[in-house]
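**Q** Please find query_26.cif (mmCIF, C-alpha atoms) on the next line:
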data_upload
loop_
_atom_site.label_atom_id
_atom_site.label_comp_id
_atom_site.auth_asym_id
_atom_site.auth_seq_id
_atom_site.Cartn_x
_atom_site.Cartn_y
_atom_site.Cartn_z
CA MET I 1 128.67 208.36 281.21
CA GLY I 2 131.19 205.56 281.06
CA GLY I 3 134.43 207.42 280.47
CA GLU I 4 134.41 207.09 276.69
CA ARG I 5 136.45 209.56 274.76
CA VAL I 6 134.17 211.93 272.96
CA ARG I 7 135.28 213.89 269.98
CA LEU I 8 133.23 217.06 270.01
CA PHE I 9 134.54 218.22 266.69
CA VAL I 10 134.58 217.09 263.10
CA LYS I 11 137.90 216.54 261.38
CA GLY I 12 138.79 218.84 258.56
CA GLN I 13 141.73 219.34 256.32
CA ILE I 14 143.18 222.63 255.25
CA GLN I 15 143.52 222.41 251.53
CA SER I 16 144.63 225.77 250.28
CA TYR I 17 144.10 229.47 250.40
CA VAL I 18 141.39 230.94 248.24
CA ARG I 19 143.18 231.69 245.03
CA ASN I 20 143.16 231.81 241.31
CA ARG I 21 146.00 230.37 239.32
CA LYS I 22 148.55 233.00 240.19
CA VAL I 23 147.17 235.01 243.05
CA GLN I 24 146.12 233.78 246.48
CA THR I 25 144.18 235.64 249.16
CA ASN I 26 145.74 234.55 252.42
CA HIS I 27 142.93 235.75 254.65
CA THR I 28 140.61 232.95 253.53
CA SER I 29 141.42 229.26 253.59
CA ILE I 30 139.64 226.34 251.99
CA ILE I 31 138.77 223.51 254.34
CA ARG I 32 137.60 220.06 253.38
CA ILE I 33 135.37 218.67 256.12
CA GLU I 34 135.29 214.92 256.52
CA GLY I 35 132.06 213.40 255.29
CA VAL I 36 130.73 216.53 253.65
CA GLN I 37 130.39 215.93 249.96
CA SER I 38 128.07 218.54 248.55
CA ALA I 39 127.47 222.23 248.95
CA LYS I 40 124.03 221.46 250.37
CA GLU I 41 125.56 219.46 253.21
CA THR I 42 127.78 222.36 254.25
CA GLU I 43 124.80 224.33 255.52
CA PHE I 44 125.09 222.70 258.94
CA TYR I 45 128.70 223.84 259.30
CA LEU I 46 128.26 227.47 258.39
CA GLY I 47 129.31 229.66 261.27
CA LYS I 48 130.91 226.85 263.21
CA LYS I 49 134.17 227.63 264.97
CA LEU I 50 137.40 226.18 263.69
CA ALA I 51 140.52 225.46 265.65
CA PHE I 52 143.88 225.06 263.98
CA ILE I 53 146.12 223.46 266.58
CA TYR I 54 149.84 223.35 266.21
CA LYS I 55 152.91 222.78 268.31
CA ALA I 56 155.58 225.28 269.08
CA LYS I 57 159.03 225.03 270.60
CA THR I 58 158.39 227.24 273.59
CA GLN I 59 155.74 226.87 276.26
CA LYS I 60 153.06 229.48 276.51
CA GLN I 61 150.58 229.37 279.38
CA GLY I 62 151.88 225.98 280.40
CA THR I 63 151.61 224.16 277.10
CA TYR I 64 153.47 223.69 273.84
CA PHE I 65 150.22 223.53 271.91
CA ARG I 66 148.85 226.67 270.36
CA CYS I 67 145.66 227.41 268.53
CA ILE I 68 144.39 229.75 265.88
CA TRP I 69 140.64 230.19 266.03
CA GLY I 70 138.48 230.83 263.02
CA LYS I 71 135.07 230.15 261.62
CA VAL I 72 133.42 228.63 258.60
CA THR I 73 132.16 231.44 256.45
CA ARG I 74 130.62 229.89 253.35
CA ALA I 75 130.62 226.93 251.03
CA HIS I 76 133.28 226.66 248.40
CA GLY I 77 132.40 224.97 245.15
CA ASN I 78 129.95 222.14 244.66
CA THR I 79 131.58 219.22 246.42
CA GLY I 80 131.39 220.23 250.05
CA ALA I 81 134.52 222.28 250.62
CA VAL I 82 134.15 225.28 252.79
CA ARG I 83 135.79 228.68 253.12
CA ALA I 84 137.06 229.81 256.46
CA LYS I 85 138.53 232.91 258.00
CA PHE I 86 140.80 232.82 260.97
CA ARG I 87 141.68 235.47 263.51
CA LYS I 88 145.17 235.45 262.17
CA ASN I 89 145.79 234.15 258.67
CA LEU I 90 146.87 230.55 258.67
CA PRO I 91 150.56 229.97 258.10
CA PRO I 92 151.58 228.33 254.82
CA SER I 93 152.85 225.34 256.76
CA SER I 94 149.22 224.59 257.58
CA LEU I 95 148.40 223.47 254.06
CA GLY I 96 147.45 219.82 254.30
CA ALA I 97 147.22 219.96 258.06
CA SER I 98 144.14 219.08 260.09
CA VAL I 99 141.72 221.51 261.58
CA ARG I 100 139.00 220.88 264.14
CA VAL I 101 135.52 221.90 263.11
CA MET I 102 133.81 222.45 266.44
CA LEU I 103 130.09 221.84 266.84
CA CYS I 104 129.40 225.22 268.38
CA PRO I 105 127.83 227.76 267.91
CA SER I 106 125.09 225.21 267.54
CA ARG I 107 121.86 225.94 265.76
CA VAL I 108 120.34 222.54 266.45
CA ALA H 109 86.46 236.38 273.61
CA LYS H 110 86.40 237.97 270.17
CA GLN H 111 89.86 237.76 268.68
CA ALA H 112 91.11 240.72 266.65
CA ARG H 113 91.26 239.79 262.97
CA LYS H 114 94.74 239.93 261.56
CA SER H 115 94.80 242.22 258.54
CA SER H 116 96.54 240.70 255.55
CA THR H 117 98.23 242.78 252.89
CA ARG H 118 98.26 242.06 249.22
CA ASN H 119 101.62 243.73 249.23
CA SER H 120 103.99 240.79 249.20
CA VAL H 121 107.70 241.12 249.69
CA LEU H 122 109.71 240.66 246.49
CA ALA H 123 113.14 240.90 248.01
CA ASN H 124 114.77 242.33 251.07
CA GLY H 125 113.08 245.68 251.67
CA VAL H 126 111.29 245.73 248.29
CA ARG H 127 107.55 245.30 248.16
CA ASN H 128 105.32 244.29 245.32
CA LEU H 129 103.15 247.40 245.07
CA SER H 130 104.08 251.03 244.85
CA ARG H 131 102.76 253.47 247.40
CA SER H 132 99.79 254.54 245.25
CA ALA H 133 99.06 251.00 244.14
CA ALA H 134 99.11 249.80 247.73
CA TYR H 135 96.71 252.56 248.73
CA LYS H 136 94.33 251.49 245.96
CA ALA H 137 94.62 247.83 246.80
CA SER H 138 94.02 248.35 250.51
CA GLY H 139 90.64 249.93 249.93
CA ARG H 140 91.36 252.91 252.14
CA TRP H 141 90.10 255.24 249.37
CA ASN H 142 86.68 253.64 249.74
CA LYS H 143 86.34 253.93 253.49
CA LYS H 144 83.65 256.33 254.63
CA MET H 145 85.02 258.78 257.18
CA THR H 146 82.89 258.87 260.32
CA LYS H 147 82.53 262.31 261.79
CA LYS H 148 84.10 262.63 265.17
CA THR H 149 82.24 265.19 267.23
CA THR H 150 83.84 264.83 270.62
CA ALA H 151 87.45 265.11 269.52
CA PRO H 152 87.52 268.78 268.36
CA ALA H 153 86.05 269.95 271.66
CA LYS H 154 88.84 268.21 273.55
CA GLN H 155 91.49 269.70 271.33
CA ALA H 156 90.15 273.21 271.84
CA GLU H 157 90.47 272.84 275.61
CA ALA H 158 94.02 271.61 275.79
CA PRO H 159 95.99 274.63 274.46
CA ALA H 160 93.95 277.07 276.55
CA ALA H 161 94.86 275.28 279.77
CA LYS H 162 98.59 275.79 279.18
CA LYS H 163 99.83 278.85 281.02
CA ALA H 164 102.10 281.31 279.31
CA GLY H 165 105.58 280.55 280.56
CA LYS H 166 108.07 283.14 281.78
CA TRP H 167 111.05 281.84 279.85
CA TYR H 168 111.13 280.39 276.41
CA PRO H 169 114.08 278.50 274.87
CA THR H 170 115.90 280.53 272.23
CA GLY H 171 116.42 277.63 269.86
CA THR H 172 114.91 274.21 269.35
CA VAL H 173 115.27 272.08 272.43
CA GLN H 174 116.92 268.77 271.68
CA THR H 175 114.88 265.89 273.00
CA PRO H 176 116.64 262.55 273.38
CA LEU H 177 115.80 259.98 270.71
CA PRO H 178 113.23 257.41 271.79
CA SER H 179 114.91 254.40 273.32
CA ASN H 180 113.72 250.88 272.59
CA LYS H 181 115.20 249.39 275.74
CA ALA H 182 111.84 249.03 277.44
CA ASN H 183 110.38 247.09 274.52
CA LYS H 184 112.99 244.35 274.51
CA ALA H 185 111.46 241.15 273.19
CA ALA H 186 111.57 238.01 275.33
CA ALA H 187 114.59 235.85 274.55
CA ARG H 188 113.88 233.11 272.04
CA ILE H 189 114.50 229.53 273.16
CA ARG H 190 114.91 226.79 270.57
CA ASP H 191 112.33 224.00 270.75
CA SER H 192 115.06 221.49 271.39
CA CYS H 193 116.30 223.39 274.44
CA LYS H 194 113.03 223.86 276.28
CA PRO H 195 112.85 223.02 280.00
CA GLY H 196 112.68 219.26 280.34
CA ASN H 197 114.86 218.49 277.37
CA VAL H 198 118.13 216.66 277.71
CA VAL H 199 120.91 218.65 276.23
CA ILE H 200 124.53 217.87 275.26
CA MET H 201 127.14 220.36 276.40
CA LEU H 202 129.52 221.16 273.59
CA ALA H 203 132.15 223.30 275.23
CA GLY H 204 133.40 224.37 278.58
CA LYS H 205 134.23 222.37 281.67
CA TYR H 206 131.35 219.95 281.20
CA ARG H 207 131.71 219.33 277.49
CA GLY H 208 130.37 216.02 276.34
CA LYS H 209 128.07 215.67 279.28
CA ARG H 210 124.35 215.41 278.98
CA ALA H 211 122.31 217.59 281.27
CA VAL H 212 118.67 218.41 281.83
CA VAL H 213 117.33 221.87 281.10
CA VAL H 214 115.57 222.99 284.24
CA GLY H 215 114.65 226.53 283.29
CA THR H 216 115.66 229.63 281.38
CA THR H 217 116.80 233.10 282.41
CA GLU H 218 115.47 236.39 281.13
CA SER H 219 118.58 236.91 279.06
CA GLY H 220 117.95 233.72 277.10
CA LEU H 221 120.45 231.45 278.85
CA LEU H 222 119.46 227.95 279.82
CA VAL H 223 119.58 226.79 283.41
CA VAL H 224 120.87 223.28 283.42
CA SER H 225 121.46 220.56 286.01
CA GLY H 226 123.20 217.17 285.56
CA PRO H 227 121.62 216.12 287.87
CA PHE H 228 124.75 216.63 289.90
CA LYS H 229 124.65 213.17 291.43
CA ILE H 230 124.63 211.52 288.06
CA ASN H 231 127.26 213.32 286.07
CA GLY H 232 128.63 216.13 288.16
CA VAL H 233 127.03 218.94 286.20
CA PRO H 234 125.78 221.47 288.76
CA LEU H 235 123.03 224.03 288.48
CA ARG H 236 124.53 226.22 285.83
CA ARG H 237 123.73 228.69 283.14
CA VAL H 238 124.56 227.72 279.59
CA ASN H 239 124.22 229.53 276.31
CA GLN H 240 122.01 227.79 273.76
CA ALA H 241 124.73 228.13 271.13
CA TYR H 242 127.03 225.87 273.13
CA VAL H 243 124.54 223.08 273.47
CA ILE H 244 122.89 220.48 271.24
CA GLY H 245 119.28 219.94 272.18
CA THR H 246 117.98 216.41 271.98
CA SER H 247 114.47 215.12 271.68
CA THR H 248 114.79 213.20 274.93
CA THR H 249 112.68 214.80 277.60
CA VAL H 250 112.46 214.52 281.32
CA ASP H 251 109.50 215.56 283.39
CA VAL H 252 110.57 218.71 285.22
CA SER H 253 107.14 219.96 286.18
CA LYS H 254 107.99 219.43 289.86
CA VAL H 255 111.01 221.70 289.66
CA ASP H 256 110.55 225.29 290.75
CA ALA H 257 112.92 227.10 288.46
CA SER H 258 111.57 230.59 288.98
CA LYS H 259 114.28 231.53 291.48
CA PHE H 260 117.10 230.64 289.08
CA ASN H 261 117.58 233.81 287.15
CA ASP H 262 120.62 235.85 286.14
CA ALA H 263 120.77 237.55 289.52
CA TYR H 264 121.00 234.18 291.29
CA PHE H 265 124.03 233.19 289.27
CA ALA H 266 125.72 236.57 289.24
CA LYS H 267 129.25 236.64 290.59
CA ALA H 268 129.56 238.23 294.00
CA LYS H 269 131.38 241.50 293.50
CA SER H 270 134.60 241.36 295.47
CA ALA H 271 135.46 244.61 297.17
CA GLY H 272 138.45 246.13 295.43
CA HIS H 273 141.03 245.06 297.94
CA LYS H 274 144.47 246.51 297.85
CA LYS H 275 146.89 243.77 298.59
CA SER H 276 149.25 244.35 301.41
CA GLU H 277 152.91 243.58 300.79
CA LYS H 278 152.69 240.37 302.68
CA GLU H 279 149.71 239.17 300.66
CA PHE H 280 151.39 240.15 297.45
CA PHE H 281 154.37 237.94 298.09
CA GLU H 282 152.49 235.06 299.55
CA GLY H 283 149.93 234.99 296.83
CA SER H 284 146.23 234.58 297.45
CA GLU H 285 145.09 231.01 297.60
CA LYS H 286 141.39 231.24 298.00
CA LYS H 287 139.53 228.02 297.60
CA LYS H 288 136.10 228.68 296.24
CA GLU H 289 133.57 227.46 298.71
CA ILE H 290 130.13 226.72 297.45
CA PRO H 291 127.54 228.37 299.70
CA ALA H 292 125.24 226.02 301.52
CA ALA H 293 122.22 227.64 299.92
CA ARG H 294 123.46 226.58 296.50
CA LYS H 295 124.00 223.02 297.63
CA ALA H 296 120.50 222.96 299.08
CA ASP H 297 119.01 224.29 295.84
CA GLN H 298 120.98 221.72 293.87
CA ALA H 299 119.69 218.89 296.04
CA ALA H 300 116.12 220.10 295.76
CA VAL H 301 116.27 220.44 291.97
CA ASP H 302 117.96 217.08 291.53
CA LYS H 303 115.40 215.31 293.67
CA ALA H 304 112.60 216.67 291.50
CA VAL H 305 114.42 215.91 288.26
CA LEU H 306 115.35 212.36 289.27
CA GLY H 307 111.70 211.77 290.03
CA GLY H 308 110.90 212.73 286.46
CA ILE H 309 113.46 210.50 284.79
CA LYS H 310 111.92 207.35 283.46
CA ASP H 311 113.70 204.05 283.99
CA GLY H 312 116.05 203.28 281.16
CA LEU H 313 117.29 206.81 280.63
CA LEU H 314 119.87 206.47 283.32
CA LYS H 315 122.69 204.26 282.20
#
Show me this structure written as structure tokens.
**A**
Amino acid sequence: MGGERVRLFVKGQIQSYVRNRKVQTNHTSIIRIEGVQSAKETEFYLGKKLAFIYKAKTQKQGTYFRCIWGKVTRAHGNTGAVRAKFRKNLPPSSLGASVRVMLCPSRV
Amino acid sequence: AKQARKSSTRNSVLANGVRNLSRSAAYKASGRWNKKMTKKTTAPAKQAEAPAAKKAGKWYPTGTVQTPLPSNKANKAAARIRDSCKPGNVVIMLAGKYRGKRAVVVGTTESGLLVVSGPFKINGVPLRRVNQAYVIGTSTTVDVSKVDASKFNDAYFAKAKSAGHKKSEKEFFEGSEKKKEIPAARKADQAAVDKAVLGGIKDGLLK
């Protein structure tokens, strides 16, 4: 349609694991999705797949890039953050890193 | 024709699985206690005949015979298609080889998948099945009434089962390099569908 680059995902940032002051549950991460500022707005993103993409030193299947897939499970708090679970728990080095919030499975 | 009246209950749902009225209260509220029973005269006569007709068998099972549980497979409901993905709608592919491309929904399969076509000439999206979850439906529509989509079902798109071939040593070392050739029938179907779809696209939709 013109060769424009299309970004079929929304940018998100991995903020933290779900935790209280002293204890964190590593199986669930908190993601802040760009542009989502209230819990009501997160409804669109529930169930959407997440891709955490990172680089590794060795090539696997022809590429240095690797991915951990996950999905948005529920809202977190009142200001639009979202909880997510990944197939493998995210590594601690992912805190502050970006995650791709894909638009599928789409309910629109 | 006289349409059957839908019966409404006063027994609203309070929460998941919990109704407003108890069993006895629901019975009272439904008015079944007030219904006059009409005497059925023909039924008893039929019932008296049936057991007599059965012949006494030679062998009887010693215990209770286990009958298989009733299966619901025959009563499968038709797959639900979102309004935004109905045939004629333009749809945005979200994932897969054709992600980002817009295609026209030409039909649906019995399993609930959408049959989609670029048209091929315009954006290279062939006649393909797509899951609704991997697609954003738009409100833009194209007239696809001239397209005959009835032949595009799951069986049409099913992969041809390759006979389990045991590779000879030579093949094993050389490696199989089979280039997938698209059968001529597919190309013909594609051309036919595209012609009909292009006829339905109003000027201005095509960039």
**Q** Step by step, work through what the PyMOL selection byres ((chain H) within 6 of (chain I)) selects in the shown file, and finish by giving those residues as a PyMOL selection string.
**A** chain H and resi 241-242+244
**Q** Please, which residues are within 10 Å of (141.7, 219.9, 254.7) by the file's coordinates, counting all atoms listed in the file, and could they come as a list in words?
**A**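 Final list of nearby residues, as requested, is Lys11, Gly12, Gln13, Ile14, Gln15, Ser16, Ser29, Ile30, Ile31, Arg32, Ile33, Glu34, Ala81, Val82, Ser94, Leu95, Gly96, Ala97, Ser98, Val99 and Arg100 of chain I.
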**Q** Compare I:Leu46, I:Ala39, I:Arg74, I:Cys67 by their minimum atom-to-atom distance to Leu90 of chain I, counting only C-alpha atoms, and give me the closest one.
**A**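 Nearest to Leu90 of chain I: I:Cys67.
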**Q** Can you pull out the residues contacting Ser38 of chain I? Cut-off 7 Å, using only C-alpha atoms, and skip same-chain residues under 2 positions away; I want them as an mmCIF file with C-alpha atoms, in the coordinates of the input.
**A**
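Wrote it out as result.cif, contents follow:
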data_model
loop_
_atom_site.group_PDB
_atom_site.id
_atom_site.type_symbol
_atom_site.label_atom_id
_atom_site.label_comp_id
_atom_site.auth_asym_id
_atom_site.auth_seq_id
_atom_site.Cartn_x
_atom_site.Cartn_y
_atom_site.Cartn_z
ATOM 1 C CA VAL I 36 130.730 216.530 253.650
ATOM 2 C CA LYS I 40 124.030 221.460 250.370
ATOM 3 C CA GLU I 41 125.560 219.460 253.210
ATOM 4 C CA THR I 42 127.780 222.360 254.250
ATOM 5 C CA ASN I 78 129.950 222.140 244.660
ATOM 6 C CA THR I 79 131.580 219.220 246.420
ATOM 7 C CA GLY I 80 131.390 220.230 250.050
#
**Q** Between atom CA of Ala299 of chain H and atom CA of Gly196 of chain H, what is the distance in Å, rounded to a tenth?
**A**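 So the answer is 17.2 Å.
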**Q** Just want the 8 Å neighbourhood of Asn231 of chain H, counted on all atoms listed in the file, with same-chain residues fewer than 2 positions away dropped. Output as JSON, numbers by chain.
**A** {"I": [1], "H": [209, 210, 226, 227, 228, 229, 233]}
**Q** Residues near Thr246 of chain H, anyone? I mean within 10 Å using only C-alpha atoms, not counting same-chain ones fewer than 4 positions away, as a PyMOL selection string.
**A** (chain I and resi 108) or (chain H and resi 191-194+197-200+210)
**Q** Filtering to C-alpha atoms, could you give me those residues as a compact mmCIF listing (two decimals), in the frame of the given file?
**A**
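The resulting file, result_10.txt, is reproduced below:
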# COMPACT_ATOMS: atom_id res chain seq x y z
CA VAL I 108 120.34 222.54 266.45
CA ASP H 191 112.33 224.00 270.75
CA SER H 192 115.06 221.49 271.39
CA CYS H 193 116.30 223.39 274.44
CA LYS H 194 113.03 223.86 276.28
CA ASN H 197 114.86 218.49 277.37
CA VAL H 198 118.13 216.66 277.71
CA VAL H 199 120.91 218.65 276.23
CA ILE H 200 124.53 217.87 275.26
CA ARG H 210 124.35 215.41 278.98
**Q** Once the PyMOL selection byres ((chain H and resi 177-189) around 9) is applied to the coordinates I shared, what remains selected? I want it as a list in words.
**A**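 The output of the PyMOL selection byres ((chain H and resi 177-189) around 9) on this file is Gln174, Thr175, Pro176, Arg190, Asp191, Ser192, Cys193, Lys194, Thr216, Thr217, Glu218, Ser219, Gly220, Leu221, Leu222 and Gln240 of chain H.
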**Q** Check what the PyMOL selection byres ((chain H and resi 248-254) around 10) selects in the file above and give those residues as a PyMOL selection string.
**A** chain H and resi 192-199+212-215+245-247+255-257+301-310+313
**Q** Can you work out the spacing between atom CA of Ala51 of chain I and atom CA of Phe86 of chain I in Å, to one decimal?
**A**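 Going from atom CA of Ala51 of chain I over to atom CA of Phe86 of chain I covers 8.7 Å.
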**Q** Select, from I:Tyr17, I:Phe65, I:Arg87, I:Asn26, the residue with the minimum atom-to-atom distance to Lys49 of chain I, counting all atoms listed in the file.
**A**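 The shortest atom-to-atom distance to Lys49 of chain I comes from I:Arg87.
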**Q** For Thr117 of chain H, which residue among H:Lys136, H:Lys269, H:Lys144, H:Arg294 is the nearest when counting all atoms listed in the file?
**A**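 Checking each candidate against Thr117 of chain H, we get H:Lys136 as the closest.
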**Q** Please compute the atom CA of Arg83 of chain I-atom CA of Lys55 of chain I distance, one decimal, in Å.
**A**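 Result for atom CA of Arg83 of chain I versus atom CA of Lys55 of chain I: 23.6 Å, one decimal.
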**Q** So which one's closest to Thr25 of chain I, I:Lys71, I:His76, I:Lys85, I:Val101? Using all atoms listed in the file, please.
**A** I:Lys85
**Q** Do you know which residues are at most 12 Å from Ala266 of chain H counting all atoms listed in the file, after dropping those on the same chain fewer than 5 positions away, and could you put them as a list of chain:residue names?
**A**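 My reading of the contact set: H:Thr217, H:Arg236, H:Arg237, H:Phe260, H:Asn261.
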**Q** For a quick check of your reading of the model, name the residues lying within 12 Å of the coordinate (92.5, 246.4, 249.9), counting only C-alpha atoms, and write them as number ranges by chain.
**A** H: 115-119, 129, 132-143
**Q** Output segment 121-147 of chain H with N, CA and C atoms present, as a compact mmCIF listing (two decimals), in the coordinates of the input.
**A**
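Saved result, out-v9.txt, follows:
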# COMPACT_ATOMS: atom_id res chain seq x y z
N VAL H 121 106.30 240.70 249.70
CA VAL H 121 107.70 241.12 249.69
C VAL H 121 108.41 240.44 248.51
N LEU H 122 109.01 241.24 247.65
CA LEU H 122 109.71 240.66 246.49
C LEU H 122 111.12 240.26 246.87
N ALA H 123 111.76 241.16 247.58
CA ALA H 123 113.14 240.90 248.01
C ALA H 123 113.33 241.71 249.27
N ASN H 124 114.50 241.67 249.80
CA ASN H 124 114.77 242.33 251.07
C ASN H 124 114.46 243.82 250.96
N GLY H 125 113.39 244.25 251.63
CA GLY H 125 113.08 245.68 251.67
C GLY H 125 112.30 246.17 250.47
N VAL H 126 112.00 245.30 249.52
CA VAL H 126 111.29 245.73 248.29
C VAL H 126 109.93 245.04 248.26
N ARG H 127 108.90 245.87 248.18
CA ARG H 127 107.55 245.30 248.16
C ARG H 127 106.99 245.28 246.76
N ASN H 128 105.92 244.53 246.64
CA ASN H 128 105.32 244.29 245.32
C ASN H 128 104.69 245.55 244.73
N LEU H 129 103.91 246.27 245.58
CA LEU H 129 103.15 247.40 245.07
C LEU H 129 103.79 248.71 245.42
N SER H 130 103.58 249.69 244.54
CA SER H 130 104.08 251.03 244.85
C SER H 130 103.14 251.67 245.87
N ARG H 131 103.53 252.84 246.34
CA ARG H 131 102.76 253.47 247.40
C ARG H 131 101.31 253.71 246.97
N SER H 132 101.15 254.25 245.73
CA SER H 132 99.79 254.54 245.25
C SER H 132 99.03 253.26 244.96
N ALA H 133 99.72 252.27 244.44
CA ALA H 133 99.06 251.00 244.14
C ALA H 133 98.63 250.31 245.42
N ALA H 134 99.45 250.42 246.45
CA ALA H 134 99.11 249.80 247.73
C ALA H 134 97.90 250.48 248.34
N TYR H 135 97.85 251.80 248.20
CA TYR H 135 96.71 252.56 248.73
C TYR H 135 95.42 252.11 248.06
N LYS H 136 95.50 251.96 246.72
CA LYS H 136 94.33 251.49 245.96
C LYS H 136 93.92 250.10 246.40
N ALA H 137 94.90 249.23 246.50
CA ALA H 137 94.62 247.83 246.80
C ALA H 137 94.07 247.65 248.21
N SER H 138 94.45 248.53 249.12
CA SER H 138 94.02 248.35 250.51
C SER H 138 92.58 248.75 250.71
N GLY H 139 92.04 249.54 249.81
CA GLY H 139 90.64 249.93 249.93
C GLY H 139 90.43 251.12 250.84
N ARG H 140 91.50 251.77 251.23
CA ARG H 140 91.36 252.91 252.14
C ARG H 140 90.65 254.07 251.46
N TRP H 141 90.75 254.14 250.10
CA TRP H 141 90.10 255.24 249.37
C TRP H 141 88.58 255.12 249.46
N ASN H 142 88.11 253.90 249.75
CA ASN H 142 86.68 253.64 249.74
C ASN H 142 86.03 253.77 251.11
N LYS H 143 86.86 253.93 252.11
CA LYS H 143 86.34 253.93 253.49
C LYS H 143 85.62 255.24 253.74
N LYS H 144 84.41 255.13 254.30
CA LYS H 144 83.65 256.33 254.63
C LYS H 144 84.17 256.89 255.94
N MET H 145 84.52 258.16 255.95
CA MET H 145 85.02 258.78 257.18
C MET H 145 83.87 259.08 258.11
N THR H 146 83.95 258.57 259.34
CA THR H 146 82.89 258.87 260.32
C THR H 146 83.25 260.16 261.03
N LYS H 147 82.26 261.00 261.19
CA LYS H 147 82.53 262.31 261.79
C LYS H 147 82.74 262.16 263.28
